[in-house]
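K.L.:
I'm passing along structure-v1.cif; it holds mmCIF, C-alpha atoms.
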```
data_entry
#
loop_
_atom_site.label_atom_id
_atom_site.label_comp_id
_atom_site.auth_asym_id
_atom_site.auth_seq_id
_atom_site.Cartn_x
_atom_site.Cartn_y
_atom_site.Cartn_z
CA MET A 1 16.91 -35.36 -90.04
CA LYS A 2 17.79 -34.22 -86.54
CA PRO A 3 18.57 -30.56 -87.41
CA ILE A 4 15.16 -30.38 -89.10
CA VAL A 5 13.44 -31.75 -85.98
CA LEU A 6 15.28 -29.35 -83.70
CA GLY A 7 14.64 -26.40 -86.02
CA LEU A 8 10.93 -27.20 -86.25
CA THR A 9 10.71 -27.64 -82.48
CA ILE A 10 12.14 -24.20 -81.74
CA LEU A 11 10.07 -22.57 -84.50
CA LEU A 12 6.90 -24.18 -83.13
CA ALA A 13 7.81 -22.96 -79.64
CA VAL A 14 8.24 -19.42 -80.99
CA ALA A 15 4.96 -19.54 -82.96
CA LEU A 16 3.03 -20.87 -79.95
CA GLU A 17 4.57 -18.31 -77.61
CA VAL A 18 3.93 -15.18 -79.72
CA SER A 19 0.50 -16.16 -81.07
CA PHE A 20 -1.33 -18.81 -79.01
CA MET A 21 0.09 -17.89 -75.60
CA GLY A 22 -0.03 -14.19 -76.47
CA ALA A 23 -3.78 -14.43 -77.13
CA LEU A 24 -4.48 -16.76 -74.19
CA ARG A 25 -2.40 -14.96 -71.51
CA PRO A 26 -3.08 -17.29 -68.57
CA LEU A 27 -3.18 -15.29 -65.32
CA GLY A 28 -2.68 -12.16 -67.44
CA VAL A 29 0.98 -12.88 -68.31
CA LEU A 30 2.87 -14.43 -71.20
CA PRO A 31 4.73 -17.64 -70.22
CA ASN A 32 8.13 -18.29 -71.77
CA LEU A 33 7.89 -21.53 -73.75
CA VAL A 34 11.09 -20.87 -75.69
CA LEU A 35 13.09 -20.64 -72.45
CA VAL A 36 11.88 -24.07 -71.33
CA VAL A 37 12.67 -25.65 -74.72
CA LEU A 38 16.18 -24.17 -74.68
CA ILE A 39 16.85 -25.43 -71.14
CA TYR A 40 16.14 -28.98 -72.30
CA ALA A 41 18.12 -28.41 -75.47
CA GLY A 42 21.09 -27.18 -73.45
CA LEU A 43 20.98 -30.22 -71.15
CA ILE A 44 20.35 -32.95 -73.75
CA CYS A 45 21.52 -31.82 -77.19
CA THR A 46 25.07 -31.12 -78.32
CA VAL A 47 26.58 -27.70 -77.79
CA SER A 48 26.31 -26.66 -81.45
CA GLU A 49 22.70 -27.81 -81.69
CA ALA A 50 21.66 -25.98 -78.53
CA VAL A 51 23.40 -22.73 -79.53
CA ALA A 52 21.95 -22.92 -83.05
CA MET A 53 18.45 -23.37 -81.59
CA ALA A 54 19.01 -20.43 -79.24
CA LEU A 55 20.14 -18.21 -82.12
CA LEU A 56 17.27 -19.24 -84.37
CA GLY A 57 14.65 -18.90 -81.64
CA GLY A 58 16.09 -15.59 -80.48
CA LEU A 59 16.24 -14.22 -84.03
CA CYS A 60 12.60 -15.13 -84.70
CA LEU A 61 11.48 -13.54 -81.43
CA ASP A 62 13.49 -10.41 -82.22
CA LEU A 63 11.87 -10.19 -85.65
CA VAL A 64 8.42 -10.31 -84.05
CA SER A 65 9.31 -7.98 -81.18
CA GLY A 66 8.83 -4.25 -81.56
CA SER A 67 11.72 -3.26 -79.33
CA ASP A 68 15.40 -3.97 -78.63
CA PHE A 69 16.31 -6.03 -81.70
CA GLY A 70 19.05 -8.51 -80.83
CA LEU A 71 18.25 -8.68 -77.12
CA ARG A 72 16.57 -12.09 -77.27
CA MET A 73 19.15 -13.57 -79.63
CA ALA A 74 21.97 -12.43 -77.33
CA PHE A 75 20.20 -13.46 -74.13
CA TYR A 76 19.17 -16.95 -75.22
CA SER A 77 22.60 -17.69 -76.72
CA LEU A 78 24.35 -16.75 -73.49
CA PHE A 79 21.73 -18.48 -71.36
CA VAL A 80 22.05 -21.76 -73.26
CA LEU A 81 25.84 -21.57 -72.90
CA MET A 82 25.35 -21.19 -69.14
CA VAL A 83 23.11 -24.27 -69.10
CA ILE A 84 25.75 -26.18 -71.05
CA LEU A 85 28.40 -25.14 -68.51
CA ILE A 86 26.14 -26.46 -65.74
CA LYS A 87 25.81 -29.73 -67.66
CA ARG A 88 29.59 -29.94 -68.05
CA ALA A 89 29.94 -29.47 -64.29
CA GLY A 90 28.32 -32.90 -63.96
CA ALA A 91 24.61 -32.08 -63.80
CA ASP A 92 22.21 -34.68 -65.15
CA PHE A 93 19.29 -33.74 -67.43
CA ASP A 94 17.06 -36.12 -65.45
CA ASN A 95 17.50 -33.95 -62.35
CA ILE A 96 14.14 -32.17 -62.17
CA GLY A 97 15.39 -29.88 -59.39
CA LEU A 98 18.10 -28.58 -61.69
CA ILE A 99 15.63 -27.98 -64.52
CA LEU A 100 13.28 -26.09 -62.20
CA ALA A 101 16.18 -24.00 -60.86
CA CYS A 102 17.26 -23.16 -64.43
CA THR A 103 13.66 -22.20 -65.24
CA VAL A 104 13.35 -19.87 -62.25
CA GLY A 105 16.80 -18.35 -62.86
CA GLY A 106 16.21 -17.99 -66.59
CA THR A 107 12.83 -16.31 -66.08
CA LEU A 108 14.25 -13.79 -63.63
CA LEU A 109 17.30 -13.05 -65.79
CA TYR A 110 15.24 -12.60 -68.96
CA ASN A 111 12.86 -10.16 -67.30
CA LEU A 112 15.78 -8.31 -65.71
CA VAL A 113 17.28 -7.79 -69.16
CA VAL A 114 13.94 -6.54 -70.56
CA LEU A 115 13.51 -4.18 -67.59
CA ALA A 116 17.06 -2.89 -68.09
CA GLY A 117 16.01 -1.92 -71.61
CA LEU A 118 13.09 0.04 -70.14
CA ALA A 119 15.33 1.76 -67.59
CA VAL A 120 17.52 3.00 -70.48
CA ILE A 121 14.52 4.92 -71.90
CA HIS A 122 13.78 6.34 -68.42
CA VAL A 123 10.50 4.59 -67.77
CA PRO A 124 9.36 4.64 -64.13
CA LEU A 125 8.87 1.11 -62.81
CA SER A 126 6.40 0.06 -60.13
CA VAL A 127 8.05 -2.56 -57.94
CA GLY A 128 4.73 -4.12 -56.95
CA VAL A 129 3.59 -4.60 -60.53
CA VAL A 130 6.97 -5.98 -61.61
CA MET A 131 7.07 -8.49 -58.73
CA SER A 132 3.51 -9.61 -59.45
CA VAL A 133 4.34 -10.26 -63.11
CA LEU A 134 7.55 -12.11 -62.21
CA VAL A 135 5.81 -14.39 -59.72
CA ARG A 136 3.02 -15.29 -62.14
CA GLU A 137 5.35 -15.85 -65.08
CA THR A 138 7.71 -18.00 -63.02
CA GLY A 139 4.79 -20.12 -61.80
CA LEU A 140 3.51 -20.63 -65.34
CA ASN A 141 6.97 -21.51 -66.67
CA LEU A 142 7.30 -24.17 -63.96
CA VAL A 143 3.93 -25.61 -65.00
CA ILE A 144 5.16 -25.69 -68.62
CA VAL A 145 8.24 -27.66 -67.48
CA PHE A 146 5.98 -30.34 -66.03
CA LEU A 147 3.70 -30.39 -69.04
CA THR A 148 6.31 -30.40 -71.80
CA GLY A 149 9.33 -31.90 -70.04
CA PRO A 150 8.64 -35.57 -70.86
CA VAL A 151 7.88 -34.72 -74.50
CA LEU A 152 11.00 -32.60 -74.95
CA THR A 153 13.21 -35.15 -73.19
CA ARG A 154 11.94 -37.95 -75.42
CA LEU A 155 12.23 -35.81 -78.56
CA PHE A 156 15.80 -34.64 -77.90
CA ARG A 157 16.99 -38.00 -76.59
CA SER A 158 15.56 -39.95 -79.52
CA GLY A 159 17.20 -37.45 -81.85
CA ARG A 160 20.50 -38.01 -80.08
CA GLN A 161 20.13 -41.80 -80.36
CA LEU A 162 19.24 -41.54 -84.04
CA ALA A 163 22.22 -39.32 -84.69
CA GLY A 164 24.46 -41.80 -82.86
CA ALA A 165 23.05 -44.75 -84.84
CA GLY A 166 23.44 -42.80 -88.06
CA SER A 167 27.10 -42.00 -87.42
CA LYS A 168 27.79 -45.67 -86.49
CA LEU A 169 26.30 -46.81 -89.81
CA LEU A 170 28.50 -44.37 -91.67
CA MET B 1 36.39 -32.53 -81.14
CA ARG B 2 35.92 -29.87 -78.47
CA LYS B 3 38.03 -27.34 -80.43
CA ARG B 4 35.83 -27.89 -83.53
CA SER B 5 32.70 -27.47 -81.43
CA GLY B 6 34.10 -24.29 -79.84
CA ARG B 7 34.93 -22.85 -83.26
CA ARG B 8 31.42 -23.63 -84.50
CA ILE B 9 29.93 -21.84 -81.52
CA MET B 10 32.12 -18.78 -82.09
CA ILE B 11 31.07 -18.70 -85.74
CA MET B 12 27.38 -18.92 -84.78
CA LEU B 13 27.76 -16.18 -82.18
CA GLY B 14 29.59 -14.07 -84.73
CA ILE B 15 26.71 -14.51 -87.20
CA GLY B 16 24.31 -13.49 -84.45
CA LEU B 17 26.32 -10.33 -83.77
CA VAL B 18 26.42 -9.47 -87.47
CA LEU B 19 22.62 -9.91 -87.68
CA VAL B 20 22.15 -7.49 -84.79
CA LEU B 21 24.45 -4.93 -86.44
CA VAL B 22 22.84 -5.13 -89.89
CA SER B 23 19.33 -4.92 -88.44
CA GLY B 24 20.15 -1.38 -87.31
CA ARG B 25 20.63 -0.43 -90.98
CA GLY B 26 17.29 -1.97 -91.94
CA TRP B 27 18.94 -4.73 -94.02
CA LEU B 28 16.81 -7.37 -92.29
CA LYS B 29 13.55 -5.85 -93.61
CA PRO B 30 13.27 -8.45 -96.43
CA VAL B 31 13.66 -11.18 -93.79
CA TRP B 32 10.90 -9.56 -91.77
CA ASP B 33 8.73 -9.38 -94.92
CA VAL B 34 9.16 -13.12 -95.42
CA THR B 35 8.53 -13.75 -91.71
CA GLY B 36 5.33 -11.75 -92.00
CA VAL B 37 4.14 -13.81 -94.98
CA LEU B 38 4.87 -17.08 -93.16
CA LEU B 39 3.64 -15.91 -89.78
CA SER B 40 0.31 -14.48 -90.96
CA PRO B 41 -1.58 -17.75 -91.54
CA VAL B 42 0.16 -19.69 -88.75
CA GLY B 43 0.16 -16.88 -86.21
CA GLY B 44 -3.37 -15.84 -87.10
CA GLY B 45 -4.60 -19.42 -86.60
CA PHE B 46 -2.81 -19.86 -83.28
CA SER B 47 -4.00 -16.43 -82.09
CA ARG B 48 -7.61 -17.29 -82.91
CA ILE B 49 -7.38 -20.57 -80.99
CA GLY B 50 -5.76 -18.78 -78.07
CA ALA B 51 -8.38 -16.03 -78.08
CA SER B 52 -11.27 -18.57 -78.22
CA THR B 53 -9.77 -20.53 -75.34
CA ALA B 54 -9.30 -17.34 -73.32
CA ASN B 55 -12.89 -16.23 -74.04
CA LEU B 56 -14.25 -19.61 -72.97
CA GLY B 57 -12.28 -19.48 -69.74
CA HIS B 58 -13.40 -15.91 -69.13
CA PHE B 59 -17.04 -16.87 -69.76
CA VAL B 60 -16.92 -19.79 -67.33
CA ALA B 61 -15.30 -17.60 -64.67
CA SER B 62 -17.89 -14.84 -65.10
CA ILE B 63 -21.12 -16.94 -65.07
CA LYS B 64 -22.03 -15.94 -61.54
CA ASP B 65 -21.81 -12.22 -62.43
CA LEU B 66 -23.92 -12.51 -65.59
CA ALA B 67 -27.23 -11.43 -64.06
CA SER B 68 -25.93 -8.24 -62.43
CA GLU B 69 -23.77 -7.40 -65.47
CA ASN B 70 -26.84 -7.88 -67.68
CA ALA B 71 -28.87 -5.40 -65.62
CA LYS B 72 -25.98 -2.90 -65.63
CA LEU B 73 -25.59 -3.20 -69.40
CA ARG B 74 -29.33 -2.69 -70.00
CA ASP B 75 -29.15 0.61 -68.08
CA GLU B 76 -26.06 1.61 -70.04
CA VAL B 77 -27.76 0.81 -73.37
CA ALA B 78 -30.77 2.95 -72.43
CA ASP B 79 -28.44 5.80 -71.46
CA LEU B 80 -26.46 5.46 -74.69
CA ARG B 81 -29.66 5.48 -76.79
CA LEU B 82 -30.56 8.86 -75.29
CA LYS B 83 -27.03 10.15 -75.93
CA LEU B 84 -27.20 8.85 -79.51
CA ALA B 85 -30.39 10.82 -80.12
CA ASP B 86 -28.72 13.98 -78.76
CA ASP B 87 -25.63 13.21 -80.84
CA ALA B 88 -27.67 12.96 -84.05
CA GLU B 89 -29.20 16.36 -83.31
CA LEU B 90 -25.80 17.90 -82.59
CA ARG B 91 -24.35 16.36 -85.76
CA SER B 92 -27.01 17.92 -87.98
CA GLN B 93 -26.53 21.31 -86.27
CA ASN B 94 -22.77 20.96 -86.79
CA GLU B 95 -23.21 20.20 -90.50
CA ALA B 96 -25.56 23.16 -90.94
CA LEU B 97 -23.09 25.51 -89.24
CA ARG B 98 -20.19 24.14 -91.31
CA LYS B 99 -22.17 24.84 -94.49
CA GLN B 100 -22.99 28.36 -93.36
CA LEU B 101 -19.37 29.13 -92.47
CA SER B 102 -18.03 27.33 -95.58
CA PHE B 103 -15.88 24.97 -93.50
CA GLY B 104 -14.75 21.81 -95.24
CA GLU B 105 -16.50 18.55 -94.37
CA ALA B 106 -15.14 16.64 -91.41
CA ALA B 107 -12.81 13.96 -92.76
CA ALA B 108 -14.47 10.56 -92.76
CA LYS B 109 -12.52 7.77 -91.08
CA ASP B 110 -11.68 4.88 -93.35
CA LEU B 111 -11.21 1.81 -91.16
CA ILE B 112 -9.14 -1.20 -92.19
CA PRO B 113 -9.84 -4.31 -90.11
CA ALA B 114 -6.72 -6.22 -89.08
CA GLU B 115 -6.21 -9.48 -87.27
CA ILE B 116 -3.49 -9.71 -84.64
CA ILE B 117 -1.04 -12.41 -85.68
CA ALA B 118 1.63 -12.02 -82.98
CA TYR B 119 2.16 -10.41 -79.60
CA GLN B 120 5.25 -8.95 -77.93
CA PRO B 121 7.33 -11.82 -76.51
CA ASP B 122 7.71 -10.37 -73.02
CA ASN B 123 5.51 -8.96 -70.23
CA PHE B 124 6.74 -5.40 -69.97
CA ARG B 125 6.55 -3.97 -73.48
CA SER B 126 3.31 -3.84 -75.48
CA PHE B 127 3.57 -4.33 -79.22
CA ILE B 128 1.37 -6.33 -81.55
CA THR B 129 1.90 -7.52 -85.11
CA ILE B 130 -1.12 -7.23 -87.39
CA GLY B 131 -1.71 -9.07 -90.63
CA ARG B 132 -1.96 -5.91 -92.78
CA GLY B 133 0.96 -4.03 -94.34
CA ARG B 134 2.06 -1.56 -96.97
CA ARG B 135 0.11 -3.30 -99.74
CA ASP B 136 -3.11 -2.67 -97.75
CA GLY B 137 -2.34 1.05 -97.45
CA ILE B 138 -0.94 0.94 -93.91
CA LYS B 139 1.58 3.65 -93.05
CA GLU B 140 3.67 4.47 -89.99
CA GLY B 141 1.92 6.68 -87.48
CA MET B 142 -1.65 5.57 -88.30
CA ALA B 143 -3.89 5.09 -85.27
CA ILE B 144 -5.43 1.76 -84.29
CA ILE B 145 -8.77 1.46 -82.55
CA SER B 146 -10.84 -1.32 -81.05
CA GLU B 147 -14.31 -1.20 -79.48
CA GLY B 148 -14.42 2.48 -80.44
CA SER B 149 -11.36 3.43 -78.37
CA LEU B 150 -7.74 4.19 -79.21
CA VAL B 151 -5.54 1.12 -78.88
CA GLY B 152 -2.22 2.24 -80.31
CA ARG B 153 -0.27 3.49 -83.28
CA ILE B 154 1.57 1.82 -86.18
CA ALA B 155 5.31 1.82 -85.45
CA GLU B 156 6.81 -0.23 -88.32
CA VAL B 157 5.41 -1.42 -91.63
CA SER B 158 6.47 -4.19 -93.97
CA GLU B 159 4.80 -5.37 -97.15
CA THR B 160 2.35 -7.79 -95.51
CA SER B 161 2.38 -6.95 -91.83
CA ALA B 162 2.89 -4.10 -89.40
CA LYS B 163 3.96 -3.67 -85.81
CA ALA B 164 1.92 -1.41 -83.57
CA LEU B 165 2.86 0.20 -80.28
CA LEU B 166 -0.02 -0.13 -77.84
CA LEU B 167 -1.41 2.65 -75.67
CA ILE B 168 -0.39 0.78 -72.51
CA ASP B 169 3.28 0.58 -73.49
CA PRO B 170 5.43 2.74 -71.20
CA ASP B 171 6.99 4.40 -74.25
CA PHE B 172 3.63 5.46 -75.76
CA LYS B 173 2.66 9.14 -75.55
CA VAL B 174 -0.28 11.00 -77.09
CA SER B 175 -1.87 14.36 -76.38
CA GLY B 176 -5.28 14.06 -74.77
CA VAL B 177 -8.09 16.43 -73.86
CA ASP B 178 -11.00 16.20 -71.42
CA GLN B 179 -14.15 16.12 -73.52
CA ALA B 180 -16.13 18.11 -70.94
CA SER B 181 -13.73 20.75 -69.61
CA ARG B 182 -11.21 20.74 -72.52
CA ALA B 183 -8.38 20.31 -70.00
CA SER B 184 -5.37 19.06 -71.92
CA GLY B 185 -2.45 16.85 -71.03
CA THR B 186 -0.18 14.06 -72.22
CA ILE B 187 -1.35 10.47 -71.97
CA ARG B 188 1.40 7.99 -71.18
CA GLY B 189 1.19 4.21 -70.88
CA GLN B 190 2.20 2.46 -67.68
CA ILE B 191 3.35 -1.06 -66.94
CA GLY B 192 0.28 -2.82 -65.52
CA SER B 193 -2.24 -1.69 -68.19
CA GLY B 194 -3.00 1.72 -66.66
CA LEU B 195 -2.72 5.13 -68.32
CA MET B 196 -1.49 8.37 -66.78
CA MET B 197 -2.53 11.82 -67.97
CA GLU B 198 0.29 14.19 -67.10
CA LYS B 199 1.14 17.87 -67.42
CA ILE B 200 -2.43 19.06 -66.83
CA PRO B 201 -2.23 22.76 -65.90
CA GLN B 202 -3.35 23.51 -62.34
CA ASP B 203 -6.00 25.99 -63.49
CA GLN B 204 -7.83 23.40 -65.60
CA VAL B 205 -10.62 21.30 -64.12
CA ILE B 206 -10.66 17.55 -64.55
CA LYS B 207 -12.95 15.22 -62.61
CA PRO B 208 -13.31 11.45 -62.15
CA GLY B 209 -15.73 10.09 -64.73
CA ASP B 210 -14.72 12.57 -67.46
CA THR B 211 -13.99 11.11 -70.90
CA ILE B 212 -10.55 11.73 -72.37
CA VAL B 213 -10.15 11.88 -76.15
CA THR B 214 -7.18 12.46 -78.44
CA ALA B 215 -6.36 16.10 -79.07
CA GLY B 216 -4.98 15.49 -82.56
CA LEU B 217 -1.87 17.59 -81.90
CA GLY B 218 1.21 16.70 -83.90
CA GLY B 219 -0.91 15.27 -86.71
CA GLU B 220 -0.11 11.67 -85.86
CA VAL B 221 -3.31 10.44 -84.31
CA PRO B 222 -6.64 11.95 -85.44
CA LYS B 223 -8.48 13.99 -82.86
CA GLY B 224 -11.62 12.83 -81.12
CA LEU B 225 -10.67 9.17 -80.60
CA ILE B 226 -11.73 7.96 -77.16
CA ILE B 227 -8.83 7.09 -74.87
CA GLY B 228 -10.62 6.31 -71.62
CA GLN B 229 -12.28 7.67 -68.51
CA VAL B 230 -10.68 9.51 -65.60
CA GLU B 231 -10.58 7.29 -62.51
CA ALA B 232 -8.70 9.53 -60.09
CA VAL B 233 -7.11 12.98 -60.07
CA ASN B 234 -3.91 13.85 -58.23
CA GLN B 235 -3.91 17.57 -57.60
CA LYS B 236 -1.41 19.19 -55.22
CA ASP B 237 -1.31 22.94 -54.66
CA ASN B 238 2.49 23.02 -54.55
CA ALA B 239 2.91 21.07 -57.81
CA VAL B 240 3.27 22.68 -61.21
CA PHE B 241 0.90 20.22 -62.92
CA GLN B 242 -1.92 17.86 -62.04
CA THR B 243 -1.97 14.21 -63.01
CA ALA B 244 -4.91 11.91 -63.55
CA LEU B 245 -5.26 8.15 -63.72
CA VAL B 246 -7.16 7.18 -66.86
CA VAL B 247 -8.73 3.79 -67.50
CA SER B 248 -9.41 2.53 -70.99
CA SER B 249 -12.50 0.43 -71.68
CA VAL B 250 -10.45 -1.78 -74.01
CA LYS B 251 -9.39 -5.18 -72.64
CA PHE B 252 -5.80 -5.13 -73.86
CA ASN B 253 -5.17 -8.72 -72.82
CA ARG B 254 -8.19 -9.84 -74.92
CA LEU B 255 -7.42 -8.06 -78.20
CA ASP B 256 -7.75 -10.14 -81.35
CA LEU B 257 -9.21 -7.81 -83.97
CA VAL B 258 -8.36 -4.13 -84.40
CA PHE B 259 -9.06 -1.39 -86.95
CA VAL B 260 -6.46 0.86 -88.52
CA VAL B 261 -7.67 4.43 -89.02
CA LYS B 262 -6.80 5.48 -92.53
CA GLN B 263 -7.49 9.16 -93.11
#
```
Could you take the file, read its structure, and then write that structure out as structure tokens?

P.N.:
Amino acid sequence: MKPIVLGLTILLAVALEVSFMGALRPLGVLPNLVLVVLIYAGLICTVSEAVAMALLGGLCLDLVSGSDFGLRMAFYSLFVLMVILIKRAGADFDNIGLILACTVGGTLLYNLVVLAGLAVIHVPLSVGVVMSVLVRETGLNLVIVFLTGPVLTRLFRSGRQLAGAGSKLL
Amino acid sequence: MRKRSGRRIMIMLGIGLVLVLVSGRGWLKPVWDVTGVLLSPVGGGFSRIGASTANLGHFVASIKDLASENAKLRDEVADLRLKLADDAELRSQNEALRKQLSFGEAAAKDLIPAEIIAYQPDNFRSFITIGRGRRDGIKEGMAIISEGSLVGRIAEVSETSAKALLLIDPDFKVSGVDQASRASGTIRGQIGSGLMMEKIPQDQVIKPGDTIVTAGLGGEVPKGLIIGQVEAVNQKDNAVFQTALVVSSVKFNRLDLVFVVKQ
């Protein structure tokens, strides 16, 4: 039951990001819904579950993307492992400051990786435009944390409780 | 317990690495075909909702400018009507001359409408996925237009969907020509939705307001498709070439329906 819920959650996040958010483009940028979902997954779910979600989400995004196949799968897997390391260092998933910091850091890192791909094909980059996009995307991702945080926390925590109850029964 | 979890993670990461390696050989195409079949209805639905929401927001934000925009559009329509009349006259003269010189007929453009079902999942590259593929006659290299202007080119095709590289992507290049002066150059996309026309010879005249169309060189994109209008020209006497900033009339962040040019 729980793997299905987690799988559907990440697939829904991918579908909303590439289609609904892509068409809507608030403030002219695409917010990163998958990043926010994976931050919560990294902090609340088990290690295997979080990494599996990162791989599945990254693979789906790579299939839809027209460039750099494998970049999102690699990035999200490594990013979720970093979040898990932060959790193992004693961080609590109820700490909103931590979640916001992960969101800001994750947004910057993801865009840095995408820009590195552009630098490889010798594309000139305008610093002003890049900074403007980063600021807007970071702001939107933080808004998404506030809007979806309670839902994701409840969803992943209830899944964890159900899994625990299920294993006790067995 | 931790060792088992660590092994599971290594296995998953290994699978991920294998997927990246096999994708380079095109072995993931069947997976993409299936993704396209599943994504089309879902993605199309979500895209339509997103586009409607965006249009509503845009409408509310632009209410105060409606009156002045209305007056400006009325003037533009009147101007276009005159140009259309001239165009009809020129077209019939062109056909008569072609007949006299035994030229073949100008190839008619067959347009295939396509809904956008997915967008590039980042803010610096510009690709779209459309809900038409090989079974609809789509091939790599075909041009895509919207609102009468060039929007991009098909980059990859699967059975039921296709990915298109947009004009504003920094990796997009097409040869362009000034409709008035016939000055030629290369149009390149820029991050931030602008277009740059480069490598314009110094002895060729190009002015702000001129319309740039595709030159049709290389056979990829048909000639005569509108790219945009010149906004500014950068001409330096000590430079080998001129450059010009070109603005497209297409609202790339409001695309939801495009047409594939099938010639």

K.L.:
Applying 9 Å and only C-alpha atoms, which residues near Ala13 of chain A remain after dropping the ones on its own chain fewer than 5 positions away? List them as a VMD selection string.

P.N.:
chain A and resid 8 18 33 to 34 37 57

K.L.:
Using the chain letters and numbers from this file, what does the PyMOL selection byres ((chain A and resi 20) around 8) select? Give the answer as a ChimeraX atom specification.

P.N.:
/A:15-19,21-24 /B:43,46-51

K.L.:
Selection in question (the file shown): the PyMOL selection byres ((chain B) within 7 of (chain A)). Which residues does it include, as number ranges by chain?

P.N.:
B: 5, 8-9, 12, 16, 20, 32, 43, 46-47, 49-51, 53-54, 117-123, 127, 163, 170, 192, 253-254

K.L.:
Just checking: using only C-alpha atoms, which residue out of B:Ser126, B:Arg134, B:Thr211, B:Leu257 ends up closest to Phe172 of chain B?

P.N.:
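The answer is B:Ser126, which sits nearest to Phe172 of chain B.
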
K.L.:
Atom CA of Val36 of chain A to atom CA of Val151 of chain A: how many Å, to one decimal?

P.N.:
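Pair atom CA of Val36 of chain A / atom CA of Val151 of chain A returns 11.8 Å.
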
K.L.:
For the PyMOL selection byres ((chain B and resi 145) around 9), applied here, can you spell out every residue it catches as a ChimeraX atom specification?

P.N.:
/B:111,143-144,146-153,225-226,258-261

K.L.:
Return the single residue from B:Glu89, B:Asp65, B:Glu159, B:Glu198 that is closest to Thr243 of chain B, with distances computed using all atoms listed in the file.

P.N.:
B:Glu198

K.L.:
Please indicate the distance in Å from atom CA of Gly209 of chain B to atom CA of Ala71 of chain B, rounded to one decimal place.

P.N.:
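It comes out at 20.3 Å.
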
K.L.:
To one decimal place, how far is atom CA of Ile227 of chain B from atom CA of Pro201 of chain B in Å?

P.N.:
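Interatomic distance here is 19.2 Å.
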
K.L.:
For a quick check of understanding, using all atoms listed in the file, which of A:Leu43, A:Ile96, A:Val120, A:Ala101 has the smallest distance to Ile84 of chain A?

P.N.:
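That would be A:Leu43, the residue with the smallest distance to Ile84 of chain A.
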
K.L.:
Ranking A:Ala119, A:Ile10, A:Leu152, A:Leu142 by minimum distance to Asp171 of chain B and counting only C-alpha atoms, which one comes first?

P.N.:
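The shortest atom-to-atom distance to Asp171 of chain B comes from A:Ala119.
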
K.L.:
Pull segment 13-22 of chain A out of the block and emit N, CA, C and O atoms, as a compact mmCIF listing (two decimals), in the first residue's frame.

P.N.:
```
# COMPACT_ATOMS: atom_id res chain seq x y z
N ALA A 13 3.34 14.71 -8.68
CA ALA A 13 4.19 15.91 -8.60
C ALA A 13 4.85 16.17 -9.96
O ALA A 13 4.90 17.32 -10.43
N VAL A 14 5.34 15.12 -10.60
CA VAL A 14 5.97 15.28 -11.92
C VAL A 14 4.95 15.78 -12.94
O VAL A 14 5.20 16.74 -13.68
N ALA A 15 3.76 15.15 -12.97
CA ALA A 15 2.73 15.54 -13.95
C ALA A 15 2.31 16.99 -13.74
O ALA A 15 2.18 17.75 -14.71
N LEU A 16 2.13 17.39 -12.48
CA LEU A 16 1.73 18.77 -12.21
C LEU A 16 2.83 19.74 -12.60
O LEU A 16 2.58 20.81 -13.15
N GLU A 17 4.08 19.36 -12.33
CA GLU A 17 5.18 20.28 -12.63
C GLU A 17 5.33 20.49 -14.13
O GLU A 17 5.47 21.63 -14.58
N VAL A 18 5.34 19.41 -14.92
CA VAL A 18 5.64 19.57 -16.35
C VAL A 18 4.43 20.04 -17.17
O VAL A 18 4.61 20.56 -18.26
N SER A 19 3.20 19.83 -16.65
CA SER A 19 2.05 20.24 -17.46
C SER A 19 1.32 21.44 -16.86
O SER A 19 1.29 22.50 -17.47
N PHE A 20 0.79 21.30 -15.64
CA PHE A 20 0.02 22.40 -15.06
C PHE A 20 0.91 23.62 -14.77
O PHE A 20 0.63 24.74 -15.21
N MET A 21 2.00 23.39 -14.04
CA MET A 21 2.89 24.51 -13.70
C MET A 21 3.56 25.06 -14.95
O MET A 21 3.81 26.26 -15.06
N GLY A 22 3.89 24.17 -15.90
CA GLY A 22 4.52 24.61 -17.13
C GLY A 22 3.63 25.55 -17.93
O GLY A 22 4.10 26.52 -18.52
```
